[in-house]
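K.L.:
Just data_38.cif, nothing more (mmCIF, N, CA, C and O atoms):
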data_work
#
loop_
_atom_site.group_PDB
_atom_site.id
_atom_site.type_symbol
_atom_site.label_atom_id
_atom_site.label_comp_id
_atom_site.auth_asym_id
_atom_site.auth_seq_id
_atom_site.Cartn_x
_atom_site.Cartn_y
_atom_site.Cartn_z
ATOM 1 N N MET B 15 2.580 -47.905 94.357
ATOM 2 C CA MET B 15 2.945 -47.781 92.952
ATOM 3 C C MET B 15 1.696 -47.440 92.146
ATOM 4 O O MET B 15 0.634 -47.999 92.351
ATOM 5 N N LEU B 16 1.857 -46.529 91.211
ATOM 6 C CA LEU B 16 0.744 -46.132 90.358
ATOM 7 C C LEU B 16 0.512 -47.177 89.271
ATOM 8 O O LEU B 16 1.463 -47.808 88.798
ATOM 9 N N PRO B 17 -0.747 -47.370 88.868
ATOM 10 C CA PRO B 17 -1.003 -48.297 87.762
ATOM 11 C C PRO B 17 -0.398 -47.769 86.465
ATOM 12 O O PRO B 17 -0.205 -46.572 86.298
ATOM 13 N N ALA B 18 -0.116 -48.685 85.565
ATOM 14 C CA ALA B 18 0.442 -48.294 84.265
ATOM 15 C C ALA B 18 -0.553 -47.405 83.528
ATOM 16 O O ALA B 18 -1.760 -47.599 83.613
ATOM 17 N N ARG B 19 -0.017 -46.422 82.821
ATOM 18 C CA ARG B 19 -0.855 -45.507 82.039
ATOM 19 C C ARG B 19 -0.991 -46.059 80.629
ATOM 20 O O ARG B 19 -0.003 -46.253 79.947
ATOM 21 N N SER B 20 -2.204 -46.297 80.215
ATOM 22 C CA SER B 20 -2.461 -46.752 78.850
ATOM 23 C C SER B 20 -2.795 -45.536 78.002
ATOM 24 O O SER B 20 -3.821 -44.890 78.207
ATOM 25 N N SER B 21 -1.923 -45.214 77.056
ATOM 26 C CA SER B 21 -2.130 -44.008 76.255
ATOM 27 C C SER B 21 -3.434 -44.074 75.459
ATOM 28 O O SER B 21 -4.095 -43.062 75.258
ATOM 29 N N GLY B 22 -3.828 -45.258 75.029
ATOM 30 C CA GLY B 22 -5.085 -45.389 74.292
ATOM 31 C C GLY B 22 -6.292 -45.067 75.157
ATOM 32 O O GLY B 22 -7.212 -44.374 74.728
ATOM 33 N N ASN B 23 -6.285 -45.569 76.394
ATOM 34 C CA ASN B 23 -7.388 -45.287 77.311
ATOM 35 C C ASN B 23 -7.434 -43.814 77.685
ATOM 36 O O ASN B 23 -8.511 -43.216 77.738
ATOM 37 N N ILE B 24 -6.298 -43.235 77.947
ATOM 38 C CA ILE B 24 -6.244 -41.820 78.313
ATOM 39 C C ILE B 24 -6.720 -40.959 77.155
ATOM 40 O O ILE B 24 -7.527 -40.041 77.337
ATOM 41 N N LYS B 25 -6.259 -41.257 75.947
ATOM 42 C CA LYS B 25 -6.668 -40.490 74.772
ATOM 43 C C LYS B 25 -8.179 -40.550 74.595
ATOM 44 O O LYS B 25 -8.830 -39.532 74.331
ATOM 45 N N ARG B 26 -8.756 -41.716 74.742
ATOM 46 C CA ARG B 26 -10.205 -41.877 74.577
ATOM 47 C C ARG B 26 -10.969 -41.088 75.641
ATOM 48 O O ARG B 26 -11.969 -40.438 75.346
ATOM 49 N N LYS B 27 -10.524 -41.138 76.880
ATOM 50 C CA LYS B 27 -11.182 -40.381 77.943
ATOM 51 C C LYS B 27 -11.127 -38.878 77.660
ATOM 52 O O LYS B 27 -12.112 -38.172 77.831
ATOM 53 N N ILE B 28 -9.977 -38.408 77.227
ATOM 54 C CA ILE B 28 -9.829 -36.980 76.918
ATOM 55 C C ILE B 28 -10.784 -36.594 75.784
ATOM 56 O O ILE B 28 -11.463 -35.572 75.862
ATOM 57 N N GLU B 29 -10.853 -37.417 74.747
ATOM 58 C CA GLU B 29 -11.775 -37.148 73.639
ATOM 59 C C GLU B 29 -13.220 -37.063 74.132
ATOM 60 O O GLU B 29 -13.969 -36.184 73.722
ATOM 61 N N LEU B 30 -13.598 -37.973 75.028
ATOM 62 C CA LEU B 30 -14.962 -37.970 75.556
ATOM 63 C C LEU B 30 -15.234 -36.731 76.404
ATOM 64 O O LEU B 30 -16.297 -36.111 76.284
ATOM 65 N N TYR B 31 -14.307 -36.387 77.269
ATOM 66 C CA TYR B 31 -14.495 -35.184 78.100
ATOM 67 C C TYR B 31 -14.718 -33.953 77.223
ATOM 68 O O TYR B 31 -15.619 -33.154 77.474
ATOM 69 N N LEU B 32 -13.905 -33.806 76.199
ATOM 70 C CA LEU B 32 -14.041 -32.642 75.313
ATOM 71 C C LEU B 32 -15.326 -32.714 74.490
ATOM 72 O O LEU B 32 -16.003 -31.701 74.299
ATOM 73 N N ALA B 33 -15.688 -33.893 74.027
ATOM 74 C CA ALA B 33 -16.901 -34.056 73.235
ATOM 75 C C ALA B 33 -18.158 -33.735 74.042
ATOM 76 O O ALA B 33 -19.147 -33.252 73.499
ATOM 77 N N TYR B 34 -18.112 -33.995 75.348
ATOM 78 C CA TYR B 34 -19.279 -33.764 76.194
ATOM 79 C C TYR B 34 -19.245 -32.426 76.915
ATOM 80 O O TYR B 34 -19.971 -32.214 77.875
ATOM 81 N N GLY B 35 -18.387 -31.511 76.453
ATOM 82 C CA GLY B 35 -18.479 -30.143 76.920
ATOM 83 C C GLY B 35 -17.365 -29.604 77.783
ATOM 84 O O GLY B 35 -17.375 -28.422 78.105
ATOM 85 N N SER B 36 -16.426 -30.425 78.178
ATOM 86 C CA SER B 36 -15.293 -29.874 78.936
ATOM 87 C C SER B 36 -14.516 -28.912 78.046
ATOM 88 O O SER B 36 -14.267 -29.207 76.880
ATOM 89 N N GLN B 37 -14.156 -27.786 78.594
ATOM 90 C CA GLN B 37 -13.373 -26.815 77.827
ATOM 91 C C GLN B 37 -11.888 -27.110 77.898
ATOM 92 O O GLN B 37 -11.117 -26.676 77.044
ATOM 93 N N LEU B 38 -11.501 -27.863 78.920
ATOM 94 C CA LEU B 38 -10.085 -28.075 79.171
ATOM 95 C C LEU B 38 -9.897 -29.401 79.897
ATOM 96 O O LEU B 38 -10.663 -29.738 80.798
ATOM 97 N N VAL B 39 -8.875 -30.164 79.488
ATOM 98 C CA VAL B 39 -8.510 -31.400 80.168
ATOM 99 C C VAL B 39 -7.012 -31.349 80.427
ATOM 100 O O VAL B 39 -6.228 -31.087 79.510
ATOM 101 N N LEU B 40 -6.625 -31.590 81.669
ATOM 102 C CA LEU B 40 -5.211 -31.640 82.034
ATOM 103 C C LEU B 40 -4.831 -33.085 82.309
ATOM 104 O O LEU B 40 -5.429 -33.736 83.169
ATOM 105 N N ASP B 41 -3.855 -33.590 81.587
ATOM 106 C CA ASP B 41 -3.319 -34.928 81.802
ATOM 107 C C ASP B 41 -2.011 -34.755 82.566
ATOM 108 O O ASP B 41 -1.003 -34.340 82.002
ATOM 109 N N VAL B 42 -2.049 -35.055 83.851
ATOM 110 C CA VAL B 42 -0.890 -34.871 84.723
ATOM 111 C C VAL B 42 -0.167 -36.193 84.854
ATOM 112 O O VAL B 42 -0.752 -37.200 85.271
ATOM 113 N N ASP B 43 1.119 -36.204 84.497
ATOM 114 C CA ASP B 43 1.934 -37.414 84.590
ATOM 115 C C ASP B 43 3.065 -37.158 85.580
ATOM 116 O O ASP B 43 4.099 -36.583 85.226
ATOM 117 N N PRO B 44 2.876 -37.591 86.835
ATOM 118 C CA PRO B 44 3.908 -37.323 87.842
ATOM 119 C C PRO B 44 5.228 -38.046 87.576
ATOM 120 O O PRO B 44 6.285 -37.548 87.948
ATOM 121 N N ALA B 45 5.185 -39.191 86.906
ATOM 122 C CA ALA B 45 6.417 -39.916 86.616
ATOM 123 C C ALA B 45 7.306 -39.132 85.657
ATOM 124 O O ALA B 45 8.529 -39.109 85.806
ATOM 125 N N LYS B 46 6.695 -38.474 84.682
ATOM 126 C CA LYS B 46 7.454 -37.685 83.714
ATOM 127 C C LYS B 46 7.526 -36.207 84.086
ATOM 128 O O LYS B 46 8.212 -35.438 83.426
ATOM 129 N N ARG B 47 6.785 -35.834 85.137
ATOM 130 C CA ARG B 47 6.710 -34.441 85.591
ATOM 131 C C ARG B 47 6.244 -33.524 84.455
ATOM 132 O O ARG B 47 6.816 -32.482 84.193
ATOM 133 N N THR B 48 5.186 -33.979 83.774
ATOM 134 C CA THR B 48 4.617 -33.199 82.682
ATOM 135 C C THR B 48 3.113 -33.026 82.888
ATOM 136 O O THR B 48 2.467 -33.835 83.553
ATOM 137 N N ILE B 49 2.596 -31.980 82.285
ATOM 138 C CA ILE B 49 1.159 -31.756 82.211
ATOM 139 C C ILE B 49 0.858 -31.518 80.736
ATOM 140 O O ILE B 49 1.446 -30.633 80.111
ATOM 141 N N THR B 50 -0.056 -32.309 80.196
ATOM 142 C CA THR B 50 -0.469 -32.107 78.824
ATOM 143 C C THR B 50 -1.840 -31.448 78.854
ATOM 144 O O THR B 50 -2.777 -31.968 79.452
ATOM 145 N N VAL B 51 -1.926 -30.288 78.225
ATOM 146 C CA VAL B 51 -3.128 -29.463 78.238
ATOM 147 C C VAL B 51 -3.879 -29.683 76.927
ATOM 148 O O VAL B 51 -3.328 -29.456 75.852
ATOM 149 N N HIS B 52 -5.118 -30.148 77.030
ATOM 150 C CA HIS B 52 -5.952 -30.417 75.860
ATOM 151 C C HIS B 52 -7.145 -29.472 75.888
ATOM 152 O O HIS B 52 -7.793 -29.311 76.923
ATOM 153 N N ASP B 53 -7.431 -28.847 74.762
ATOM 154 C CA ASP B 53 -8.686 -28.122 74.606
ATOM 155 C C ASP B 53 -9.248 -28.470 73.226
ATOM 156 O O ASP B 53 -8.713 -29.355 72.554
ATOM 157 N N ALA B 54 -10.301 -27.820 72.818
ATOM 158 C CA ALA B 54 -10.980 -28.185 71.568
ATOM 159 C C ALA B 54 -10.108 -28.005 70.332
ATOM 160 O O ALA B 54 -10.333 -28.656 69.311
ATOM 161 N N THR B 55 -9.099 -27.142 70.416
ATOM 162 C CA THR B 55 -8.317 -26.839 69.219
ATOM 163 C C THR B 55 -6.834 -27.150 69.316
ATOM 164 O O THR B 55 -6.119 -27.043 68.319
ATOM 165 N N SER B 56 -6.349 -27.516 70.511
ATOM 166 C CA SER B 56 -4.895 -27.703 70.626
ATOM 167 C C SER B 56 -4.525 -28.666 71.757
ATOM 168 O O SER B 56 -5.325 -28.958 72.638
ATOM 169 N N ILE B 57 -3.285 -29.124 71.678
ATOM 170 C CA ILE B 57 -2.656 -29.929 72.723
ATOM 171 C C ILE B 57 -1.296 -29.303 72.978
ATOM 172 O O ILE B 57 -0.549 -29.009 72.041
ATOM 173 N N ARG B 58 -0.996 -29.072 74.259
ATOM 174 C CA ARG B 58 0.270 -28.424 74.607
ATOM 175 C C ARG B 58 0.885 -29.148 75.800
ATOM 176 O O ARG B 58 0.210 -29.396 76.791
ATOM 177 N N ALA B 59 2.160 -29.498 75.714
ATOM 178 C CA ALA B 59 2.870 -30.157 76.806
ATOM 179 C C ALA B 59 3.621 -29.121 77.622
ATOM 180 O O ALA B 59 4.301 -28.259 77.065
ATOM 181 N N LEU B 60 3.470 -29.215 78.944
ATOM 182 C CA LEU B 60 4.177 -28.327 79.859
ATOM 183 C C LEU B 60 5.169 -29.138 80.687
ATOM 184 O O LEU B 60 4.862 -30.257 81.107
ATOM 185 N N HIS B 61 6.351 -28.545 80.920
ATOM 186 C CA HIS B 61 7.422 -29.211 81.658
ATOM 187 C C HIS B 61 7.932 -28.280 82.755
ATOM 188 O O HIS B 61 7.488 -27.133 82.859
ATOM 189 N N ASP B 62 8.893 -28.776 83.539
ATOM 190 C CA ASP B 62 9.539 -27.930 84.544
ATOM 191 C C ASP B 62 9.977 -26.619 83.896
ATOM 192 O O ASP B 62 10.551 -26.619 82.804
ATOM 193 N N GLY B 63 9.677 -25.524 84.548
ATOM 194 C CA GLY B 63 10.045 -24.218 84.032
ATOM 195 C C GLY B 63 8.920 -23.533 83.276
ATOM 196 O O GLY B 63 8.975 -22.326 83.048
ATOM 197 N N ASP B 64 7.894 -24.299 82.874
ATOM 198 C CA ASP B 64 6.737 -23.710 82.201
ATOM 199 C C ASP B 64 5.716 -23.242 83.231
ATOM 200 O O ASP B 64 5.689 -23.727 84.369
ATOM 201 N N VAL B 65 4.871 -22.332 82.814
ATOM 202 C CA VAL B 65 3.790 -21.837 83.661
ATOM 203 C C VAL B 65 2.472 -22.171 82.980
ATOM 204 O O VAL B 65 2.300 -21.904 81.786
ATOM 205 N N PHE B 66 1.548 -22.770 83.744
ATOM 206 C CA PHE B 66 0.229 -23.060 83.211
ATOM 207 C C PHE B 66 -0.641 -21.821 83.293
ATOM 208 O O PHE B 66 -0.770 -21.205 84.336
ATOM 209 N N GLU B 67 -1.260 -21.459 82.175
ATOM 210 C CA GLU B 67 -2.299 -20.443 82.083
ATOM 211 C C GLU B 67 -3.166 -20.836 80.896
ATOM 212 O O GLU B 67 -2.653 -21.343 79.898
ATOM 213 N N HIS B 68 -4.479 -20.587 81.010
ATOM 214 C CA HIS B 68 -5.369 -20.913 79.901
ATOM 215 C C HIS B 68 -6.610 -20.047 79.985
ATOM 216 O O HIS B 68 -7.129 -19.823 81.085
ATOM 217 N N PRO B 69 -7.104 -19.555 78.854
ATOM 218 C CA PRO B 69 -8.289 -18.696 78.863
ATOM 219 C C PRO B 69 -9.540 -19.360 79.449
ATOM 220 O O PRO B 69 -10.441 -18.678 79.904
ATOM 221 N N ALA B 70 -9.593 -20.697 79.444
ATOM 222 C CA ALA B 70 -10.755 -21.393 79.996
ATOM 223 C C ALA B 70 -10.852 -21.258 81.514
ATOM 224 O O ALA B 70 -11.919 -21.458 82.089
ATOM 225 N N VAL B 71 -9.720 -20.938 82.154
ATOM 226 C CA VAL B 71 -9.696 -20.778 83.616
ATOM 227 C C VAL B 71 -8.947 -19.488 83.965
ATOM 228 O O VAL B 71 -7.824 -19.518 84.481
ATOM 229 N N PRO B 72 -9.576 -18.341 83.675
ATOM 230 C CA PRO B 72 -8.904 -17.065 83.939
ATOM 231 C C PRO B 72 -8.554 -16.936 85.420
ATOM 232 O O PRO B 72 -9.329 -17.316 86.290
ATOM 233 N N GLY B 73 -7.372 -16.441 85.658
ATOM 234 C CA GLY B 73 -6.914 -16.250 87.025
ATOM 235 C C GLY B 73 -6.151 -17.432 87.601
ATOM 236 O O GLY B 73 -5.509 -17.321 88.634
ATOM 237 N N LEU B 74 -6.227 -18.586 86.960
ATOM 238 C CA LEU B 74 -5.473 -19.746 87.421
ATOM 239 C C LEU B 74 -4.135 -19.768 86.709
ATOM 240 O O LEU B 74 -4.067 -19.824 85.477
ATOM 241 N N SER B 75 -3.083 -19.724 87.488
ATOM 242 C CA SER B 75 -1.731 -19.742 86.947
ATOM 243 C C SER B 75 -0.835 -20.445 87.950
ATOM 244 O O SER B 75 -0.924 -20.173 89.151
ATOM 245 N N PHE B 76 -0.017 -21.377 87.479
ATOM 246 C CA PHE B 76 0.918 -22.026 88.400
ATOM 247 C C PHE B 76 2.146 -22.503 87.637
ATOM 248 O O PHE B 76 2.100 -22.774 86.449
ATOM 249 N N ASP B 77 3.229 -22.592 88.383
ATOM 250 C CA ASP B 77 4.500 -23.077 87.856
ATOM 251 C C ASP B 77 4.475 -24.603 87.906
ATOM 252 O O ASP B 77 4.170 -25.191 88.952
ATOM 253 N N VAL B 78 4.766 -25.235 86.800
ATOM 254 C CA VAL B 78 4.726 -26.692 86.724
ATOM 255 C C VAL B 78 5.719 -27.313 87.704
ATOM 256 O O VAL B 78 5.397 -28.290 88.389
ATOM 257 N N ARG B 79 6.897 -26.755 87.807
ATOM 258 C CA ARG B 79 7.898 -27.289 88.738
ATOM 259 C C ARG B 79 7.360 -27.269 90.161
ATOM 260 O O ARG B 79 7.498 -28.241 90.904
ATOM 261 N N ALA B 80 6.723 -26.173 90.544
ATOM 262 C CA ALA B 80 6.184 -26.051 91.902
ATOM 263 C C ALA B 80 5.101 -27.096 92.162
ATOM 264 O O ALA B 80 4.985 -27.604 93.286
ATOM 265 N N LEU B 81 4.314 -27.419 91.149
ATOM 266 C CA LEU B 81 3.278 -28.428 91.314
ATOM 267 C C LEU B 81 3.881 -29.777 91.693
ATOM 268 O O LEU B 81 3.356 -30.489 92.542
ATOM 269 N N PHE B 82 4.992 -30.110 91.056
ATOM 270 C CA PHE B 82 5.604 -31.422 91.287
ATOM 271 C C PHE B 82 6.578 -31.441 92.464
ATOM 272 O O PHE B 82 6.999 -32.526 92.879
ATOM 273 N N ASP B 83 6.944 -30.284 93.008
ATOM 274 C CA ASP B 83 7.830 -30.262 94.174
ATOM 275 C C ASP B 83 7.181 -31.059 95.311
ATOM 276 O O ASP B 83 5.997 -30.936 95.571
ATOM 277 N N GLY B 84 7.942 -31.855 95.943
ATOM 278 C CA GLY B 84 7.436 -32.627 97.067
ATOM 279 C C GLY B 84 6.869 -33.983 96.686
ATOM 280 O O GLY B 84 6.578 -34.788 97.559
ATOM 281 N N ILE B 85 6.684 -34.229 95.406
ATOM 282 C CA ILE B 85 6.197 -35.549 94.982
ATOM 283 C C ILE B 85 7.408 -36.459 94.844
ATOM 284 O O ILE B 85 8.372 -36.142 94.163
ATOM 285 N N ARG B 86 7.341 -37.579 95.508
ATOM 286 C CA ARG B 86 8.428 -38.547 95.443
ATOM 287 C C ARG B 86 8.573 -39.101 94.029
ATOM 288 O O ARG B 86 7.578 -39.382 93.365
ATOM 289 N N ALA B 87 9.790 -39.180 93.550
ATOM 290 C CA ALA B 87 10.048 -39.714 92.206
ATOM 291 C C ALA B 87 9.526 -41.145 92.120
ATOM 292 O O ALA B 87 9.667 -41.926 93.052
ATOM 293 N N ILE B 88 8.906 -41.443 91.010
ATOM 294 C CA ILE B 88 8.311 -42.774 90.821
ATOM 295 C C ILE B 88 9.250 -43.640 90.012
ATOM 296 O O ILE B 88 9.842 -43.223 89.081
#
Would you mind giving the structure from this file in C-alpha cells?

P.N.:
Amino acid sequence: MLPARSSGNIKRKIELYLAYGSQLVLDVDPAKRTITVHDATSIRALHDGDVFEHPAVPGLSFDVRALFDGIRAI
C-alpha cells in the first residue's frame, strides 16, 4: 500500500523544485490515474485520453492512459 499523499507536503516540494531551477515537475498519482504538470507559469492536469507533451522536454510524448496501463488499481 502506498503512503497517504499530503497535498501540503507535495505542494511545498514542487515549489522548491521549481524555485531551485527545475523547469518541469510531474506529480503522478496512480490512485487517481492523473499527472499534474507544473512549470514556472502554469499547472495542468492530465487524465486518461490526454497526451503529455511539454517544451521543456522536446521529443517526449506519451499517452497518459498507456502510462497507467498495467498498474493495479489502488

K.L.:
Enumerate, as a ChimeraX atom specification, the residues matched when the PyMOL selection byres (((chain B and resi 54-56 and name CA) around 10) and name CA) is run on the file above.

P.N.:
/B:29,32-33,35-39,51-53,57-58

K.L.:
Enumerate the residues of chain B with a DSSP assignment of strand (DSSP E), computed from the backbone, and present them as a ChimeraX atom specification.

P.N.:
/B:39-43,48-52,57-60,65-66,76-77

K.L.:
Which residue gives the smallest distance to Asp62 (chain B) among B:Val42, B:Leu74, B:Ile49, B:Ile85, with only C-alpha atoms counted?

P.N.:
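Of the candidates, the smallest distance to Asp62 (chain B) is held by B:Ile49.
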
K.L.:
Using Å and a single decimal, report how far CA of Gly84 (chain B) sits from CA of Ala45 (chain B).

P.N.:
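Calculated distance between CA of Ala45 (chain B) and CA of Gly84 (chain B) is 12.8 Å.
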
K.L.:
Would you return as a compact mmCIF listing (two decimals) with N, CA, C and O atoms, in the frame of the given file the members of region 20-61 of chain B that DSSP assigns to alpha helix (DSSP H) on this structure's backbone?

P.N.:
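After the write, states-v6.txt holds the following:
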# COMPACT_ATOMS: atom_id res chain seq x y z
N SER B 21 -1.92 -45.21 77.06
CA SER B 21 -2.13 -44.01 76.26
C SER B 21 -3.43 -44.07 75.46
O SER B 21 -4.10 -43.06 75.26
N GLY B 22 -3.83 -45.26 75.03
CA GLY B 22 -5.08 -45.39 74.29
C GLY B 22 -6.29 -45.07 75.16
O GLY B 22 -7.21 -44.37 74.73
N ASN B 23 -6.28 -45.57 76.39
CA ASN B 23 -7.39 -45.29 77.31
C ASN B 23 -7.43 -43.81 77.68
O ASN B 23 -8.51 -43.22 77.74
N ILE B 24 -6.30 -43.24 77.95
CA ILE B 24 -6.24 -41.82 78.31
C ILE B 24 -6.72 -40.96 77.16
O ILE B 24 -7.53 -40.04 77.34
N LYS B 25 -6.26 -41.26 75.95
CA LYS B 25 -6.67 -40.49 74.77
C LYS B 25 -8.18 -40.55 74.60
O LYS B 25 -8.83 -39.53 74.33
N ARG B 26 -8.76 -41.72 74.74
CA ARG B 26 -10.20 -41.88 74.58
C ARG B 26 -10.97 -41.09 75.64
O ARG B 26 -11.97 -40.44 75.35
N LYS B 27 -10.52 -41.14 76.88
CA LYS B 27 -11.18 -40.38 77.94
C LYS B 27 -11.13 -38.88 77.66
O LYS B 27 -12.11 -38.17 77.83
N ILE B 28 -9.98 -38.41 77.23
CA ILE B 28 -9.83 -36.98 76.92
C ILE B 28 -10.78 -36.59 75.78
O ILE B 28 -11.46 -35.57 75.86
N GLU B 29 -10.85 -37.42 74.75
CA GLU B 29 -11.78 -37.15 73.64
C GLU B 29 -13.22 -37.06 74.13
O GLU B 29 -13.97 -36.18 73.72
N LEU B 30 -13.60 -37.97 75.03
CA LEU B 30 -14.96 -37.97 75.56
C LEU B 30 -15.23 -36.73 76.40
O LEU B 30 -16.30 -36.11 76.28
N TYR B 31 -14.31 -36.39 77.27
CA TYR B 31 -14.50 -35.18 78.10
C TYR B 31 -14.72 -33.95 77.22
O TYR B 31 -15.62 -33.15 77.47
N LEU B 32 -13.90 -33.81 76.20
CA LEU B 32 -14.04 -32.64 75.31
C LEU B 32 -15.33 -32.71 74.49
O LEU B 32 -16.00 -31.70 74.30
N ALA B 33 -15.69 -33.89 74.03
CA ALA B 33 -16.90 -34.06 73.24
C ALA B 33 -18.16 -33.74 74.04
O ALA B 33 -19.15 -33.25 73.50

K.L.:
What is the CA of Gly63 (chain B) to atom O of Asp77 (chain B) distance in Å?

P.N.:
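For CA of Gly63 (chain B) relative to atom O of Asp77 (chain B), the distance reads 7.7 Å.
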
K.L.:
May I ask which of the residues B:Ala59, B:Ile28, B:Val65, B:Leu40 is the closest one to Arg79 (chain B), counting only C-alpha atoms?

P.N.:
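So, comparing all the options, the nearest one is B:Val65.
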
K.L.:
Just give me the gap between CA of Phe76 (chain B) and CA of Lys27 (chain B) in Å, one decimal is fine.

P.N.:
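Value for the CA of Phe76 (chain B)-CA of Lys27 (chain B) distance: 24.3 Å.
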
K.L.:
Find, counting only C-alpha atoms, the residue in B:Val71, B:Ile24, B:Leu30, B:Val78 that gets nearest to Pro44 (chain B).

P.N.:
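Closest residue, counting only C-alpha atoms: B:Val78.
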
K.L.:
Just the residues within 5 Å of Leu60 (chain B), please, counting only N, CA, C and O atoms, with nothing from its chain fewer than 6 positions along; format it as a VMD selection string.

P.N.:
chain B and resid 47 to 50

K.L.:
What are the centre and edge lengths in Å, to one decimal, of the axis-aligned box around all listed atoms of region 51-68 of chain B with 4 Å added on each side, as lines of an AutoDock Vina configuration file?

P.N.:
center_x = -0.2
center_y = -25.1
center_z = 76.4
size_x = 29.5
size_y = 18.6
size_z = 24.2

K.L.:
Using only C-alpha atoms, which of B:Ala70, B:His61, B:Tyr34, B:Arg26 sits nearest Phe82 (chain B)?

P.N.:
B:His61
